[in-house]
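**Q** Below is input-v7.cif; it holds mmCIF, C-alpha atoms.
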data_my_file
loop_
_atom_site.label_atom_id
_atom_site.label_comp_id
_atom_site.auth_asym_id
_atom_site.auth_seq_id
_atom_site.Cartn_x
_atom_site.Cartn_y
_atom_site.Cartn_z
CA MET K 969 0.00 0.00 0.00
CA LYS K 970 2.84 2.33 0.96
CA LYS K 971 4.61 1.47 -2.31
CA LEU K 972 1.46 2.27 -4.33
CA PHE K 973 1.14 5.61 -2.48
CA MET K 974 4.76 6.49 -3.30
CA ILE K 975 4.20 5.70 -7.00
CA PHE K 976 1.05 7.90 -6.95
CA VAL K 977 3.01 10.77 -5.35
CA ALA K 978 5.83 10.40 -7.87
CA ILE K 979 3.43 10.43 -10.85
CA THR K 980 1.54 13.43 -9.43
CA LEU K 981 4.81 15.34 -8.98
CA LEU K 982 5.96 14.48 -12.52
CA VAL K 983 2.66 15.52 -14.08
CA GLY K 984 2.60 18.61 -11.92
CA CYS K 985 6.14 19.59 -12.93
CA GLY K 986 5.31 19.00 -16.62
CA ALA K 987 2.24 21.18 -16.47
CA GLN K 988 4.11 23.96 -14.68
CA GLY K 989 6.94 23.83 -17.26
CA ASP K 990 4.52 24.04 -20.19
CA SER K 991 2.74 27.11 -18.85
CA THR K 992 5.87 29.11 -18.10
CA GLN K 993 8.39 28.12 -20.77
CA THR K 994 6.99 26.49 -23.90
CA PRO K 995 9.68 24.68 -25.90
CA VAL K 996 10.07 26.55 -29.21
CA ASP K 997 11.00 25.16 -32.64
CA ILE K 998 12.05 28.52 -34.08
CA ASP K 999 13.31 31.33 -31.86
CA MET K 1000 13.29 34.45 -34.01
CA THR K 1001 14.38 36.64 -31.09
CA GLN K 1002 17.82 35.02 -31.32
CA MET K 1003 18.25 35.78 -35.03
CA SER K 1004 19.92 38.59 -36.98
CA VAL K 1005 17.78 41.02 -38.99
CA THR K 1006 18.47 39.14 -42.24
CA MET K 1007 17.53 35.82 -40.70
CA VAL K 1008 14.33 37.27 -39.18
CA SER K 1009 13.32 38.57 -42.63
CA ALA K 1010 14.17 35.25 -44.29
CA GLN K 1011 12.36 33.19 -41.65
CA ALA K 1012 9.29 35.43 -41.90
CA ALA K 1013 9.34 35.01 -45.69
CA GLN K 1014 9.56 31.23 -45.24
CA LEU K 1015 6.48 31.31 -42.99
CA GLU K 1016 4.58 33.39 -45.55
CA LEU K 1017 5.71 31.53 -48.69
CA SER K 1018 5.27 27.96 -47.43
CA PRO K 1019 2.86 28.14 -44.49
CA THR K 1020 1.77 24.49 -44.66
CA ALA K 1021 5.37 23.35 -44.14
CA HIS K 1022 5.46 25.24 -40.83
CA LEU K 1023 2.05 24.34 -39.42
CA GLY K 1024 2.29 23.10 -35.84
CA GLN K 1025 5.71 24.68 -35.25
CA VAL K 1026 6.12 26.75 -32.11
CA VAL K 1027 7.71 30.14 -32.86
CA ARG K 1028 8.95 32.92 -30.59
CA MET K 1029 9.00 36.41 -32.14
CA ARG K 1030 9.22 40.04 -31.12
CA GLY K 1031 7.48 43.04 -32.68
CA SER K 1032 4.85 45.68 -32.21
CA HIS K 1033 1.14 45.03 -31.72
CA TYR K 1034 -1.18 46.24 -34.47
CA ILE K 1035 -4.97 46.05 -34.22
CA ALA K 1036 -7.12 46.04 -37.35
CA PHE K 1037 -10.91 45.94 -37.47
CA TRP K 1038 -12.51 43.48 -39.92
CA GLU K 1039 -15.83 45.12 -40.78
CA MET K 1040 -17.38 42.12 -42.54
CA LEU K 1041 -17.07 39.95 -39.43
CA GLN K 1042 -17.28 42.88 -36.97
CA THR K 1043 -14.18 41.70 -35.13
CA ASP K 1044 -10.71 42.90 -34.19
CA LEU K 1045 -7.71 41.19 -35.74
CA HIS K 1046 -4.41 41.29 -33.84
CA TYR K 1047 -1.08 41.35 -35.63
CA ILE K 1048 2.53 41.30 -34.58
CA VAL K 1049 4.55 43.54 -36.91
CA LEU K 1050 8.18 42.44 -36.99
CA ASP K 1051 10.32 45.54 -36.41
CA LEU K 1052 13.69 44.06 -37.23
CA THR K 1053 13.55 43.28 -40.93
CA VAL K 1054 15.85 44.10 -43.84
CA GLY K 1055 15.01 47.37 -45.61
CA CYS K 1056 11.50 47.24 -46.98
CA CYS K 1057 10.94 43.52 -46.35
CA GLY K 1058 8.48 44.13 -43.50
CA SER K 1059 6.33 41.28 -42.22
CA ALA K 1060 3.29 40.93 -39.98
CA PHE K 1061 1.51 37.86 -38.60
CA GLU K 1062 -1.93 37.51 -37.08
CA PHE K 1063 -2.04 36.06 -33.56
CA ILE K 1064 -4.82 34.92 -31.27
CA LEU K 1065 -4.33 34.63 -27.51
CA SER K 1066 -5.36 31.45 -25.71
CA ASP K 1067 -8.53 31.66 -23.59
CA GLU K 1068 -6.35 31.49 -20.46
CA LEU K 1069 -4.25 34.47 -21.58
CA ILE K 1070 -7.34 36.49 -22.56
CA ALA K 1071 -8.77 35.87 -19.07
CA THR K 1072 -5.53 36.73 -17.27
CA VAL K 1073 -3.60 39.38 -19.21
CA GLY K 1074 -5.80 40.20 -22.23
CA TYR K 1075 -4.61 41.79 -25.48
CA PRO K 1076 -2.00 44.54 -25.08
CA PRO K 1077 -2.73 48.08 -26.34
CA HIS K 1078 -2.23 48.99 -30.01
CA GLY K 1079 1.43 49.77 -30.71
CA ALA K 1080 2.81 47.98 -27.65
CA GLU K 1081 6.14 46.17 -28.03
CA ILE K 1082 5.41 42.49 -27.49
CA GLU K 1083 7.11 39.10 -27.51
CA ILE K 1084 4.95 36.07 -28.22
CA VAL K 1085 5.30 32.31 -28.30
CA GLY K 1086 2.70 30.62 -30.46
CA THR K 1087 1.91 27.61 -32.60
CA TYR K 1088 1.53 28.29 -36.32
CA SER K 1089 -2.05 27.38 -37.16
CA TYR K 1090 -4.82 28.25 -39.61
CA TYR K 1091 -8.54 28.93 -39.84
CA GLU K 1092 -10.91 29.20 -42.76
CA VAL K 1093 -13.37 32.04 -43.25
CA LEU K 1094 -15.46 32.83 -46.35
CA GLY K 1095 -13.61 30.17 -48.32
CA HIS K 1096 -10.16 31.62 -47.59
CA THR K 1097 -7.41 30.15 -45.43
CA PHE K 1098 -5.81 32.46 -42.90
CA TYR K 1099 -2.64 31.58 -40.99
CA PHE K 1100 -2.05 32.80 -37.45
CA PHE K 1101 -0.16 32.08 -34.27
CA ALA K 1102 -2.13 30.47 -31.45
CA VAL K 1103 -0.34 32.25 -28.62
CA THR K 1104 0.37 30.56 -25.29
CA GLU K 1105 2.88 33.12 -23.95
CA ILE K 1106 2.97 36.89 -24.29
CA SER K 1107 5.10 39.54 -22.65
CA VAL K 1108 4.73 43.29 -23.07
CA ASP K 1109 7.74 45.65 -22.81
CA MET D 474 34.85 33.80 -31.92
CA THR D 475 33.10 30.85 -30.27
CA ASP D 476 29.93 32.92 -30.23
CA ILE D 477 30.18 33.54 -33.99
CA ILE D 478 30.75 29.83 -34.67
CA ASP D 479 27.79 28.93 -32.43
CA ARG D 480 25.58 31.40 -34.30
CA LEU D 481 26.73 30.04 -37.66
CA ILE D 482 25.97 26.47 -36.55
CA PHE D 483 22.53 27.66 -35.40
CA TYR D 484 21.83 29.49 -38.68
CA PHE D 485 23.05 26.62 -40.84
CA SER D 486 20.63 24.28 -39.10
CA PHE D 487 17.96 25.96 -41.26
CA SER D 488 17.60 24.33 -44.68
CA PHE D 489 17.00 27.68 -46.43
CA VAL D 490 20.43 28.93 -45.31
CA GLN D 491 22.09 25.75 -46.62
CA TYR D 492 20.24 26.17 -49.95
CA ALA D 493 21.31 29.84 -50.13
CA LEU D 494 24.99 28.95 -49.74
CA ILE D 495 24.89 26.11 -52.29
CA VAL D 496 22.96 28.07 -54.92
CA GLY D 497 24.85 31.31 -54.18
CA VAL D 498 28.24 29.68 -54.74
CA LEU D 499 27.02 27.96 -57.93
CA ILE D 500 25.63 31.21 -59.35
CA ALA D 501 28.85 33.04 -58.49
CA LEU D 502 30.85 30.29 -60.19
CA CYS D 503 28.78 30.46 -63.40
CA SER D 504 28.78 34.24 -63.59
CA SER D 505 32.54 34.42 -63.11
CA LEU D 506 33.15 31.84 -65.85
CA LEU D 507 31.40 33.99 -68.43
CA GLY D 508 32.47 37.25 -66.81
CA VAL D 509 35.95 37.08 -68.32
CA THR D 510 34.53 36.64 -71.83
CA LEU D 511 32.01 39.45 -71.36
CA VAL D 512 34.62 41.88 -70.05
CA LEU D 513 37.06 41.05 -72.85
CA LYS D 514 34.35 41.33 -75.54
CA ARG D 515 33.33 44.69 -73.99
CA PHE D 516 29.90 43.32 -73.15
CA SER D 517 30.15 44.13 -69.43
CA PHE D 518 26.95 46.12 -69.47
CA ILE D 519 24.87 43.43 -71.19
CA GLY D 520 24.38 41.74 -67.83
CA ASP D 521 22.88 44.93 -66.47
CA GLY D 522 20.52 45.33 -69.43
CA LEU D 523 19.38 41.72 -69.31
CA SER D 524 18.87 41.86 -65.57
CA HIS D 525 16.41 44.72 -66.09
CA VAL D 526 14.62 42.56 -68.66
CA ALA D 527 14.53 39.76 -66.07
CA PHE D 528 12.98 42.21 -63.58
CA GLY D 529 10.27 43.00 -66.14
CA ALA D 530 9.69 39.26 -66.58
CA ILE D 531 9.42 38.82 -62.79
CA ALA D 532 6.76 41.53 -62.78
CA ILE D 533 4.77 39.65 -65.43
CA ALA D 534 5.13 36.40 -63.45
CA ALA D 535 3.95 38.21 -60.30
CA ALA D 536 0.99 39.69 -62.18
CA PHE D 537 -0.09 36.17 -63.16
CA SER D 538 0.60 34.97 -59.57
CA LEU D 539 2.98 32.29 -60.85
CA THR D 540 4.72 30.45 -58.03
CA ASN D 541 7.67 29.51 -60.20
CA GLN D 542 8.87 32.70 -61.90
CA PHE D 543 11.62 30.86 -63.79
CA ILE D 544 9.05 29.67 -66.37
CA VAL D 545 8.57 33.27 -67.50
CA VAL D 546 11.93 34.85 -66.62
CA LEU D 547 14.17 32.38 -68.44
CA PRO D 548 12.56 32.42 -71.93
CA ILE D 549 12.06 36.22 -71.95
CA THR D 550 15.67 36.84 -70.90
CA VAL D 551 17.00 34.34 -73.48
CA ILE D 552 14.96 35.95 -76.30
CA SER D 553 16.12 39.42 -75.23
CA ALA D 554 19.77 38.31 -75.13
CA VAL D 555 19.56 36.92 -78.67
CA LEU D 556 17.72 40.04 -79.91
CA LEU D 557 20.27 42.33 -78.26
CA LEU D 558 23.18 40.62 -79.99
CA ARG D 559 21.37 40.63 -83.38
CA THR D 560 20.24 44.25 -82.98
CA GLY D 561 23.75 45.32 -82.14
CA GLN D 562 25.09 43.88 -85.37
CA ASN D 563 22.53 44.45 -88.07
CA THR D 564 20.12 47.30 -87.49
CA SER D 565 20.10 51.06 -87.32
CA ILE D 566 19.87 51.02 -83.50
CA LYS D 567 23.39 50.18 -82.42
CA GLY D 568 24.49 48.03 -79.47
CA ASP D 569 24.70 50.48 -76.55
CA ALA D 570 21.58 52.40 -77.58
CA ALA D 571 19.59 49.18 -78.03
CA LEU D 572 20.80 47.93 -74.65
CA ALA D 573 19.85 51.17 -72.90
CA MET D 574 16.46 51.20 -74.62
CA ILE D 575 15.56 47.62 -73.71
CA SER D 576 16.99 48.06 -70.20
CA VAL D 577 14.94 51.11 -69.18
CA SER D 578 11.83 49.91 -71.01
CA ALA D 579 11.83 46.60 -69.13
CA LEU D 580 12.53 48.30 -65.80
CA GLY D 581 9.82 50.93 -66.27
CA LEU D 582 7.18 48.55 -67.63
CA GLY D 583 8.06 45.97 -64.98
CA TYR D 584 7.42 48.40 -62.15
CA LEU D 585 4.24 49.60 -63.88
CA VAL D 586 2.92 46.02 -64.25
CA LEU D 587 3.77 45.27 -60.62
CA ASN D 588 1.89 48.33 -59.44
CA VAL D 589 -1.17 47.80 -61.62
CA PHE D 590 -1.59 44.01 -61.62
CA SER D 591 0.26 42.57 -58.63
CA THR D 592 -1.91 41.02 -55.92
CA SER D 593 0.95 40.96 -53.40
CA ALA D 594 0.33 42.55 -50.01
CA ASN D 595 3.94 43.72 -49.81
CA LEU D 596 4.70 45.38 -53.15
CA ALA D 597 7.57 47.49 -51.75
CA GLY D 598 9.18 44.35 -50.34
CA ASP D 599 8.82 42.49 -53.65
CA VAL D 600 10.40 45.35 -55.62
CA CYS D 601 13.14 45.81 -53.04
CA THR D 602 14.12 42.15 -53.01
CA SER D 603 13.91 41.83 -56.84
CA LEU D 604 16.06 44.92 -57.45
CA PHE D 605 18.57 44.60 -54.60
CA GLY D 606 18.39 40.91 -53.65
CA SER D 607 17.78 41.74 -49.99
CA ILE D 608 16.79 38.22 -48.96
CA SER D 609 15.64 36.46 -52.16
CA ILE D 610 18.46 33.89 -52.01
CA LEU D 611 17.18 32.93 -48.55
CA THR D 612 13.65 32.27 -49.79
CA LEU D 613 14.29 29.64 -52.47
CA SER D 614 11.94 26.70 -52.76
CA THR D 615 13.29 23.15 -53.23
CA LEU D 616 12.26 23.38 -56.92
CA ASP D 617 14.23 26.64 -57.30
CA VAL D 618 17.26 24.98 -55.74
CA TRP D 619 17.17 21.96 -58.07
CA LEU D 620 16.54 24.17 -61.10
CA SER D 621 19.50 26.35 -60.13
CA ILE D 622 21.76 23.32 -59.66
CA ILE D 623 20.76 21.76 -63.02
CA LEU D 624 21.14 25.05 -64.93
CA SER D 625 24.49 25.76 -63.24
CA VAL D 626 25.80 22.32 -64.17
CA LEU D 627 24.63 22.91 -67.77
CA VAL D 628 26.38 26.30 -67.91
CA ILE D 629 29.63 24.81 -66.56
CA ALA D 630 29.36 21.89 -69.03
CA VAL D 631 28.82 24.25 -71.99
CA PHE D 632 31.81 26.37 -70.91
CA LEU D 633 34.12 23.37 -70.52
CA LEU D 634 32.88 21.74 -73.74
CA PHE D 635 33.31 24.86 -75.89
CA TYR D 636 36.21 26.39 -73.93
CA HIS D 637 38.56 26.63 -76.96
CA LYS D 638 35.85 28.04 -79.25
CA ILE D 639 34.78 30.59 -76.64
CA PHE D 640 38.44 31.55 -76.17
CA SER D 641 38.81 32.00 -79.93
CA VAL D 642 35.59 34.02 -80.38
CA THR D 643 36.43 36.16 -77.33
CA PHE D 644 39.81 37.38 -78.58
CA ASP D 645 39.35 37.66 -82.34
CA GLU D 646 35.95 36.99 -83.86
CA ASN D 647 37.09 37.76 -87.44
CA PHE D 648 40.09 35.45 -87.17
CA SER D 649 38.03 32.62 -85.71
CA THR D 650 35.45 33.03 -88.52
CA ALA D 651 38.25 32.96 -91.08
CA THR D 652 39.59 29.73 -89.59
CA GLY D 653 36.20 28.00 -89.91
CA THR D 654 34.72 28.63 -86.47
CA LYS D 655 31.03 29.48 -86.61
CA ALA D 656 31.35 32.68 -84.60
CA LYS D 657 27.65 33.55 -84.93
CA THR D 658 26.63 30.17 -83.51
CA TYR D 659 28.98 30.55 -80.56
CA ASN D 660 27.79 34.10 -79.95
CA PHE D 661 24.25 32.69 -79.94
CA ILE D 662 25.27 30.01 -77.40
CA LEU D 663 26.98 32.71 -75.32
CA ALA D 664 23.81 34.82 -75.39
CA ILE D 665 21.71 31.90 -74.11
CA VAL D 666 24.23 31.05 -71.38
CA ILE D 667 24.41 34.71 -70.29
CA ALA D 668 20.61 34.85 -70.10
CA VAL D 669 20.53 31.68 -67.98
CA ILE D 670 23.13 33.14 -65.61
CA ILE D 671 21.22 36.43 -65.32
CA SER D 672 17.97 34.57 -64.56
CA LEU D 673 19.77 32.68 -61.80
CA ALA D 674 21.77 35.63 -60.46
CA ILE D 675 18.73 37.84 -59.96
CA ASN D 676 17.99 35.63 -56.94
CA LEU D 677 21.42 36.24 -55.46
CA VAL D 678 22.11 39.95 -55.78
CA GLY D 679 18.99 41.40 -57.39
CA ALA D 680 18.51 42.99 -60.81
CA LEU D 681 20.47 46.20 -60.19
CA LEU D 682 23.59 44.52 -58.80
CA ILE D 683 24.09 41.61 -61.22
CA SER D 684 26.87 43.36 -63.15
CA ALA D 685 29.01 43.23 -60.01
CA LEU D 686 28.97 39.41 -60.15
CA VAL D 687 30.07 39.53 -63.79
CA ILE D 688 32.74 42.24 -63.78
CA PHE D 689 34.43 42.27 -60.33
CA PRO D 690 35.80 38.69 -60.41
CA ALA D 691 37.11 39.10 -63.97
CA LEU D 692 38.63 42.55 -63.38
CA SER D 693 40.18 41.48 -60.06
CA ALA D 694 41.77 38.39 -61.62
CA MET D 695 43.09 40.53 -64.50
CA ARG D 696 44.98 42.70 -61.97
CA VAL D 697 47.10 39.70 -60.99
CA PHE D 698 47.09 37.21 -63.87
CA LYS D 699 47.58 37.68 -67.60
CA SER D 700 46.58 34.45 -69.40
CA PHE D 701 42.93 33.67 -70.25
CA LYS D 702 43.04 30.34 -68.37
CA ALA D 703 44.65 31.76 -65.22
CA VAL D 704 42.27 34.74 -65.18
CA THR D 705 39.25 32.43 -65.58
CA ILE D 706 40.36 30.05 -62.79
CA CYS D 707 41.25 32.94 -60.47
CA SER D 708 37.95 34.74 -61.12
CA VAL D 709 36.04 31.52 -60.30
CA PHE D 710 37.80 31.24 -56.92
CA PHE D 711 37.42 34.98 -56.29
CA SER D 712 33.71 34.98 -57.10
CA THR D 713 32.77 31.86 -55.12
CA ILE D 714 34.74 32.94 -52.04
CA CYS D 715 33.25 36.47 -52.16
CA ALA D 716 29.71 35.08 -52.57
CA ALA D 717 30.11 32.62 -49.68
CA LEU D 718 31.69 35.31 -47.46
CA GLY D 719 28.98 37.80 -48.42
CA ILE D 720 26.18 35.38 -47.55
CA ILE D 721 27.79 34.45 -44.21
CA ILE D 722 28.50 38.09 -43.26
CA SER D 723 24.98 39.16 -44.21
CA ILE D 724 23.27 36.55 -42.03
CA LEU D 725 25.63 37.25 -39.12
CA ALA D 726 25.57 41.04 -39.33
CA GLY D 727 21.94 41.35 -40.44
CA THR D 728 22.71 43.16 -43.70
CA PRO D 729 21.02 42.71 -47.13
CA VAL D 730 22.59 39.72 -48.92
CA GLY D 731 23.03 41.24 -52.41
CA SER D 732 24.71 44.46 -51.35
CA THR D 733 26.93 42.62 -48.84
CA ILE D 734 28.23 40.33 -51.60
CA VAL D 735 28.95 43.40 -53.77
CA ALA D 736 30.76 45.06 -50.82
CA VAL D 737 32.93 41.96 -50.39
CA ASP D 738 33.61 41.99 -54.16
CA ILE D 739 34.76 45.64 -53.91
CA VAL D 740 37.13 44.83 -51.01
CA GLY D 741 38.44 41.82 -52.99
CA PHE D 742 39.00 44.02 -56.04
CA ALA D 743 40.95 46.53 -53.90
CA ILE D 744 43.16 43.74 -52.47
CA PHE D 745 43.83 42.26 -55.93
CA SER D 746 44.59 45.73 -57.34
CA LEU D 747 47.12 46.21 -54.53
CA ILE D 748 48.71 42.82 -55.25
CA GLY D 749 48.83 43.67 -58.97
CA TYR D 750 50.42 47.05 -58.20
CA LYS D 751 53.07 45.46 -55.92
CA ARG D 752 53.89 42.90 -58.61
CA GLY D 753 54.36 45.72 -61.08
#
Show me, as structure tokens, the structure contained in the file I just sent.
**A**
Amino acid sequence: MKKLFMIFVAITLLVGCGAQGDSTQTPVDIDMTQMSVTMVSAQAAQLELSPTAHLGQVVRMRGSHYIAFWEMLQTDLHYIVLDLTVGCCGSAFEFILSDELIATVGYPPHGAEIEIVGTYSYYEVLGHTFYFFAVTEISVD
Amino acid sequence: MTDIIDRLIFYFSFSFVQYALIVGVLIALCSSLLGVTLVLKRFSFIGDGLSHVAFGAIAIAAAFSLTNQFIVVLPITVISAVLLLRTGQNTSIKGDAALAMISVSALGLGYLVLNVFSTSANLAGDVCTSLFGSISILTLSTLDVWLSIILSVLVIAVFLLFYHKIFSVTFDENFSTATGTKAKTYNFILAIVIAVIISLAINLVGALLISALVIFPALSAMRVFKSFKAVTICSVFFSTICAALGIIISILAGTPVGSTIVAVDIVGFAIFSLIGYKRG
């Protein structure tokens, strides 16, 4: 009985540790905050040119928050505009915060400098496919 | 130093960086092979004119939302190269005037087509990367990479196969015609090869900077060596090393790829000029 209890405690601790790790520091596949300007531009272009190849990848990126209003659907769209790009090769990606983040921190104000960690995903509206980052971590400077 | 090596290892873990280096070095190799011939035949500026034509072709491909622009760029550039050589020889519009006319027409119409018909959300970025090669070499698809490798191998094969004929036509076209060499045919082959190189090189340095890939390696090698063979071999090494260095510096320092390669070419030219001056 004591042995079974110890195994239960060990499993609970392991699961607990795993859950805590996931919520604070998500493992990322592509960390764009560690890249030079040229590499950020190139990586952003890769995400835009071949989105299906990057679906499911977890990406960390830094930029400024831009809010656009989509009249047809009467909803706000949130973008991260990458500041550090080569010359005129600017890039922006839509992101959507997780329900947990919306409840706790919410969307930052328009123009705020943000760093996000999100999974590259897509949704379909009006017959078009839109790619976005499903964000699980956000920090505002 | 360890930090730089760590960063390079990190960057080269991305397949698009590996592709950029492979294709970049191959393009530099091809352009330097023909560069010597172009400089000696006083056709240095033909690369510039054709690159503007290629930009116009890219605009047409973008207007039709073609994913593989090579399908449009390559044939248009080849036809223009052949027309330019024919126009220069036979008609009332002579070589330099014809080149300037085609060059500005293609550039102007290309930008017009892009503005009117392009569906891209980032027009400024498209123009910037097509003209200056900011990051285009880092955005190649697998198909682009294979196409570049196959075309580069073909260009190298043509050069090696017709080396003696190209040498003969380069130095004295009249003499080579008199000795039975079909100079017009070899000029035609040269025009096609140049067009292929331009179509490839637009990805590396952009339309406005292509001439640098053609002239700097040849001129630098000519500062130090005197024979056609030695100049060609030296310009190949010069060009490939400068292209590789340029790509590496640009991803480390965060600078545009095309202009960084040209900057490295300029430094290389200065060093070779100094060596040539010291040698007397």
**Q** Starting from the PyMOL selection byres ((chain K) within 12 of (chain D)), expand the selection into actual residues of this file and give them as a PyMOL selection string.
**A** chain K and resi 997-1000+1002-1018+1021+1052-1060
**Q** What would the file look like if the residues just selected were written as a PDB file, in the frame of the given file with C-alpha atoms?
**A**
ATOM      1  CA  ASP K 997      11.000  25.160 -32.640  1.00  0.00           C
ATOM      2  CA  ILE K 998      12.050  28.520 -34.080  1.00  0.00           C
ATOM      3  CA  ASP K 999      13.310  31.330 -31.860  1.00  0.00           C
ATOM      4  CA  MET K1000      13.290  34.450 -34.010  1.00  0.00           C
ATOM      5  CA  GLN K1002      17.820  35.020 -31.320  1.00  0.00           C
ATOM      6  CA  MET K1003      18.250  35.780 -35.030  1.00  0.00           C
ATOM      7  CA  SER K1004      19.920  38.590 -36.980  1.00  0.00           C
ATOM      8  CA  VAL K1005      17.780  41.020 -38.990  1.00  0.00           C
ATOM      9  CA  THR K1006      18.470  39.140 -42.240  1.00  0.00           C
ATOM     10  CA  MET K1007      17.530  35.820 -40.700  1.00  0.00           C
ATOM     11  CA  VAL K1008      14.330  37.270 -39.180  1.00  0.00           C
ATOM     12  CA  SER K1009      13.320  38.570 -42.630  1.00  0.00           C
ATOM     13  CA  ALA K1010      14.170  35.250 -44.290  1.00  0.00           C
ATOM     14  CA  GLN K1011      12.360  33.190 -41.650  1.00  0.00           C
ATOM     15  CA  ALA K1012       9.290  35.430 -41.900  1.00  0.00           C
ATOM     16  CA  ALA K1013       9.340  35.010 -45.690  1.00  0.00           C
ATOM     17  CA  GLN K1014       9.560  31.230 -45.240  1.00  0.00           C
ATOM     18  CA  LEU K1015       6.480  31.310 -42.990  1.00  0.00           C
ATOM     19  CA  GLU K1016       4.580  33.390 -45.550  1.00  0.00           C
ATOM     20  CA  LEU K1017       5.710  31.530 -48.690  1.00  0.00           C
ATOM     21  CA  SER K1018       5.270  27.960 -47.430  1.00  0.00           C
ATOM     22  CA  ALA K1021       5.370  23.350 -44.140  1.00  0.00           C
ATOM     23  CA  LEU K1052      13.690  44.060 -37.230  1.00  0.00           C
ATOM     24  CA  THR K1053      13.550  43.280 -40.930  1.00  0.00           C
ATOM     25  CA  VAL K1054      15.850  44.100 -43.840  1.00  0.00           C
ATOM     26  CA  GLY K1055      15.010  47.370 -45.610  1.00  0.00           C
ATOM     27  CA  CYS K1056      11.500  47.240 -46.980  1.00  0.00           C
ATOM     28  CA  CYS K1057      10.940  43.520 -46.350  1.00  0.00           C
ATOM     29  CA  GLY K1058       8.480  44.130 -43.500  1.00  0.00           C
ATOM     30  CA  SER K1059       6.330  41.280 -42.220  1.00  0.00           C
ATOM     31  CA  ALA K1060       3.290  40.930 -39.980  1.00  0.00           C
TER      32      ALA K1060
END
**Q** The PyMOL selection byres ((chain D and resi 748) around 12) - which residues does that actually catch in the file I just gave you? List them as a list in words.
**A** Ser693, Ala694, Met695, Arg696, Val697, Phe698, Gly741, Phe742, Ala743, Ile744, Phe745, Ser746, Leu747, Gly749, Tyr750, Lys751, Arg752 and Gly753 of chain D
**Q** Going by the chain IDs and residue numbers used in this file, which residues fall under the PyMOL selection byres ((chain K and resi 1062-1073) around 6)? Write them as a list in words.
**A**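 Checking the PyMOL selection byres ((chain K and resi 1062-1073) around 6) against this file, the residues are His1046, Tyr1047, Phe1061, Gly1074, Phe1100, Phe1101, Ala1102, Val1103 and Thr1104 of chain K.
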**Q** Calculated over only C-alpha atoms, which of the candidates D:Phe635, D:Phe543, D:Phe537, D:Phe661 has the smallest distance to D:Phe590?
**A** D:Phe537
**Q** I'd like to know which of K:Glu1105, K:Ala1036, K:Ala1080, K:Gly1024 is closest to K:Asp1051, using only C-alpha atoms.
**A**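 That would be K:Ala1080, the residue with the smallest distance to K:Asp1051.
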**Q** With all atoms listed in the file as the basis for distance, which of K:Val1049, K:Ile1082, K:Leu1023, K:Leu1041 is at the shortest distance from K:Asp1109?
**A**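 Looking only at the distances to K:Asp1109, the closest residue turns out to be K:Ile1082.
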**Q** When you count only C-alpha atoms, which of these residues is closest to D:Ala668: D:Gly522, D:Gly529, D:Gly581, D:Gly653?
**A**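 Looking only at the distances to D:Ala668, the closest residue turns out to be D:Gly522.
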**Q** Kindly list the centre and edge lengths in Å, rounded to one decimal, for the axis-aligned box that covers all listed atoms of stretch 597-608 of chain D plus 5 Å on each of its six sides, as lines of an AutoDock Vina configuration file.
**A**
center_x = 13.1
center_y = 42.9
center_z = -53.2
size_x = 21.0
size_y = 19.3
size_z = 18.5
**Q** Between atom CA of D:Ala717 and atom CA of D:Asp476, what is the spacing in Å?
**A**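 According to the coordinates, atom CA of D:Asp476 and atom CA of D:Ala717 are separated by 19.5 Å.
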**Q** Please measure the separation of atom CA of D:Phe689 and atom CA of D:Phe605, giving the value in Å to one decimal.
**A**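 Spanning atom CA of D:Phe689 to atom CA of D:Phe605 is a straight-line distance of 17.0 Å.
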**Q** What is the atom CA of D:Ala736 to atom CA of D:Val526 distance in Å?
**A**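 For atom CA of D:Ala736 relative to atom CA of D:Val526, the distance reads 24.2 Å.
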**Q** Identify which of the residues D:Ile495, D:Ile683, D:Ile500, D:Ala579 lies closest to D:Ala532, counting all atoms listed in the file when measuring atom-to-atom distances.
**A** D:Ala579
**Q** Tell me which protein, DNA and RNA residues are within 8 Å of D:Val704, counting all atoms listed in the file, leaving out same-chain ones fewer than 2 positions away, and put them as an MDAnalysis selection string.
**A** chainID D and resid 509 691 694:695 698:702 706:708
**Q** Please produce a file of those selected residues containing C-alpha atoms, as an mmCIF file, in the coordinates of the input.
**A**
data_model
loop_
_atom_site.group_PDB
_atom_site.id
_atom_site.type_symbol
_atom_site.label_atom_id
_atom_site.label_comp_id
_atom_site.auth_asym_id
_atom_site.auth_seq_id
_atom_site.Cartn_x
_atom_site.Cartn_y
_atom_site.Cartn_z
ATOM 1 C CA VAL D 509 35.950 37.080 -68.320
ATOM 2 C CA ALA D 691 37.110 39.100 -63.970
ATOM 3 C CA ALA D 694 41.770 38.390 -61.620
ATOM 4 C CA MET D 695 43.090 40.530 -64.500
ATOM 5 C CA PHE D 698 47.090 37.210 -63.870
ATOM 6 C CA LYS D 699 47.580 37.680 -67.600
ATOM 7 C CA SER D 700 46.580 34.450 -69.400
ATOM 8 C CA PHE D 701 42.930 33.670 -70.250
ATOM 9 C CA LYS D 702 43.040 30.340 -68.370
ATOM 10 C CA ILE D 706 40.360 30.050 -62.790
ATOM 11 C CA CYS D 707 41.250 32.940 -60.470
ATOM 12 C CA SER D 708 37.950 34.740 -61.120
#
**Q** Looking at D:Leu558, D:Leu547, D:Val666, D:Ala651, which one is nearest to D:Ala630, with distances taken over all atoms listed in the file?
**A**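 Closest candidate: D:Val666.
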